[in-house]
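Working notes, structure below.
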Amino acid sequence: MSHGAKLRRMLNDDIASIMEIEQRAYPHPWTQGIFEDCLRVGYACWVLEREINNQKTIIGYMVLSIAVDEMHILNLCIDPKIQGQGIGRALLLDAQNYGKKNNAAMCFLEVRPSNKAAVNLYLSEGFNEVGFRKNYYRDDNGKREDAIVMAKDLLFS
Ligand SMILES: CC(C)(COP(=O)(O)OP(=O)(O)OC[C@H]1O[C@@H](n2cnc3c(N)ncnc32)[C@H](O)[C@@H]1OP(=O)(O)O)[C@@H](O)C(=O)NCCC(=O)NCCS
């Protein structure tokens with residue numbers, strides 16, 4: 001990771017700062033309990049940290065799970081204050097490199113069709129739509145939104 005930022009493993013003590021970003025970044029944020037569970041079960045949880053005003057500050061994070069030869073990106077987020085500067089793409093590259101190092105052949109993720117920034121990012125990084133999950137997400141009106149399932153071959157990329 002460049003952009004003056006360092007990637008390191010997420011700790012339980014990071015969750016408060018992460019929740020502060022998560023709640024600004026997503027219309028339907030994860031709860032603190034979900035992050036705690038991800039750490040407990042041993043998912044690959046990473047934070048992106050940058051020195052701001054002499055203080056190490058979390059500016060992004062991602063949660064990855066690898067089972068056999070498949071990696072799933074469960075969360076990938078950049079602080080809205082610094083989105084649009086290429087950092088999300090760099091973090092996604094780090095995710096793919098982590099998958100390759102750990103023998104993942106394919107990378108999967110789910111994304112809301114309404115999340116244009118994320119869909120564009122994944123498409124431009126070579127992910128393809130491979131399916132959808134009906135009524136996967138809740139939306140603001142108590143209705144449900146489908147998820148697009150996207151995948152990328154990590155072996156031949
Ligand atoms: C999706 C997200 C990670 C992108 O991070 P980012 O640092 O803002 O993205 P980057 O600056 O690296 O941009 C990479 C590409 O994403 C797409 N993109 C980013 N912002 C966009 C926007 N506002 N509208 C449309 N496309 C956008 C573009 O394809 C862009 O490439 P380009 O700059 O060559 O056009 C970030 O918007 C985010 O954290 N969103 C909230 C959390 C989230 O939705 N995560 C994904 C869950 S599946």
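Ordering of the structure tokens sets the chain letters (A, B, ...); residue numbers start at 1 within each chain; ligands are numbered from 1 in the order shown.
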Taking only C-alpha atoms and all ligand atoms into account, list the residues no farther than 6 Å from ligand 1, as an mmCIF file with C-alpha atoms, in the first residue's frame.
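For reference, out38.cif as written:
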```cif
data_model
loop_
_atom_site.group_PDB
_atom_site.id
_atom_site.type_symbol
_atom_site.label_atom_id
_atom_site.label_comp_id
_atom_site.auth_asym_id
_atom_site.auth_seq_id
_atom_site.Cartn_x
_atom_site.Cartn_y
_atom_site.Cartn_z
ATOM 1 C CA ALA A 25 -19.576 5.110 4.773
ATOM 2 C CA TYR A 26 -22.544 2.753 4.485
ATOM 3 C CA ASN A 75 -15.982 -5.634 3.666
ATOM 4 C CA LEU A 76 -13.722 -3.097 1.987
ATOM 5 C CA CYS A 77 -14.082 0.516 2.976
ATOM 6 C CA ILE A 78 -12.311 3.859 2.723
ATOM 7 C CA GLN A 83 -12.554 8.644 -1.085
ATOM 8 C CA GLY A 84 -11.854 9.258 -4.774
ATOM 9 C CA GLN A 85 -8.059 9.411 -4.422
ATOM 10 C CA GLY A 86 -7.172 5.928 -5.632
ATOM 11 C CA ILE A 87 -6.897 4.418 -2.156
ATOM 12 C CA GLY A 88 -9.825 2.012 -2.585
ATOM 13 C CA ARG A 89 -8.230 0.597 -5.728
ATOM 14 C CA GLU A 110 -21.326 -9.218 -3.128
ATOM 15 C CA VAL A 111 -22.234 -5.631 -3.906
ATOM 16 C CA LYS A 116 -22.026 2.621 -8.310
ATOM 17 C CA ALA A 117 -18.591 3.558 -6.943
ATOM 18 C CA ALA A 118 -17.946 0.005 -5.770
ATOM 19 C CA ASN A 120 -17.249 0.569 -11.128
ATOM 20 C CA LEU A 121 -14.172 -0.131 -9.046
ATOM 21 C CA SER A 124 -12.418 -1.773 -13.710
#
```
As number ranges by chain, please: the residues near A:Leu7 (cut-off 8 Å, only C-alpha atoms, same-chain neighbours under 4 positions excluded).
A: 1, 46-49
How would you write, as a PyMOL selection string, the set of residues in stretch 13-157 of chain A that DSSP gives as strand (DSSP E or B)?
chain A and resi 44-52+55-67+70-78+106-111+128-138+144-153
Could you tell me how far atom CA of A:Asp79 sits from atom CA of A:Lys152, in Å to one decimal place?
24.8 Å
Hey, which bits of stretch 59-135 of chain A sit within 12 Å of stretch 37-45 of chain A, and for each residue what's the closest pair of atoms and how far apart in Å (one decimal), counting only C-alpha atoms, rows by chain and increasing number, as a tab-separated table?
```
residue	atom	partner	partner_atom	distance
A:Gly60	CA	A:Cys45	CA	11.2
A:Tyr61	CA	A:Cys45	CA	7.5
A:Met62	CA	A:Cys45	CA	5.9
A:Val63	CA	A:Cys45	CA	4.4
A:Leu64	CA	A:Ala44	CA	5.0
A:Ser65	CA	A:Tyr43	CA	5.1
A:Ile66	CA	A:Tyr43	CA	7.6
A:Ala67	CA	A:Tyr43	CA	9.9
A:Met71	CA	A:Ala44	CA	10.1
A:His72	CA	A:Tyr43	CA	10.0
A:Ile73	CA	A:Ala44	CA	9.7
A:Leu74	CA	A:Tyr43	CA	9.5
A:Asn75	CA	A:Cys45	CA	9.2
A:Leu76	CA	A:Cys45	CA	9.9
A:Cys77	CA	A:Cys45	CA	11.8
A:Asp94	CA	A:Ala44	CA	12.0
A:Ala95	CA	A:Ala44	CA	9.6
A:Tyr98	CA	A:Ala44	CA	9.2
A:Gly99	CA	A:Ala44	CA	10.0
A:Asn102	CA	A:Ala44	CA	10.9
```
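Across the model, the gap from atom CA of A:Tyr136 to atom CA of A:Trp30 is 14.5 Å.
With distances taken over only C-alpha atoms, A:Ser2 is the one residue among A:Asn141, A:Ser2, A:Ser114, A:Gln96 lying closest to A:Arg50.
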Stretch 51-56 of chain A surroundings by only C-alpha atoms, 12 Å radius, close-in-sequence under 5 positions cut, as a PyMOL selection string
chain A and resi 3-8+14+17
Counting only C-alpha atoms, the residue among A:Cys107, A:Leu155, A:Val149, A:Ile21 that lies closest to A:Pro80 is A:Ile21
Top pick for closest residue to A:Arg9, considering A:Asp146, A:Val68, A:Asn128, A:Ile58 and counting only C-alpha atoms:
A:Ile58
If we count only C-alpha atoms and set the cut-off at 12 Å, which residues sit around A:Ser157, ignoring sequence neighbours fewer than 6 positions away in its own chain? Please answer as a PyMOL selection string.
chain A and resi 93+96-97+99-100+105-107+125-127
Residues as selected, C-alpha atoms, written as a PDB file, in the first residue's frame, can you do that?
```pdb
ATOM      1  CA  LEU A  93      -5.000  -4.737  -5.026  1.00  0.00           C
ATOM      2  CA  GLN A  96      -5.930  -9.691  -4.309  1.00  0.00           C
ATOM      3  CA  ASN A  97      -2.247 -10.029  -3.456  1.00  0.00           C
ATOM      4  CA  GLY A  99      -5.433 -13.980  -1.785  1.00  0.00           C
ATOM      5  CA  LYS A 100      -2.713 -15.012  -4.255  1.00  0.00           C
ATOM      6  CA  ALA A 105      -7.689 -19.191  -7.061  1.00  0.00           C
ATOM      7  CA  MET A 106     -10.864 -17.107  -7.154  1.00  0.00           C
ATOM      8  CA  CYS A 107     -12.026 -13.970  -5.395  1.00  0.00           C
ATOM      9  CA  GLU A 125     -10.250  -4.204 -11.704  1.00  0.00           C
ATOM     10  CA  GLY A 126     -11.359  -7.136 -13.836  1.00  0.00           C
ATOM     11  CA  PHE A 127     -14.162  -8.554 -11.697  1.00  0.00           C
TER      12      PHE A 127
END
```
At what distance in Å, to one decimal, does atom CA of A:Pro113 lie from atom CA of A:Glu129?
10.7 Å
Residue neighbourhood A:Asp139, 8 Å, only C-alpha atoms, exclusion window fewer than 5 positions, as number ranges by chain
A: 28, 144-145
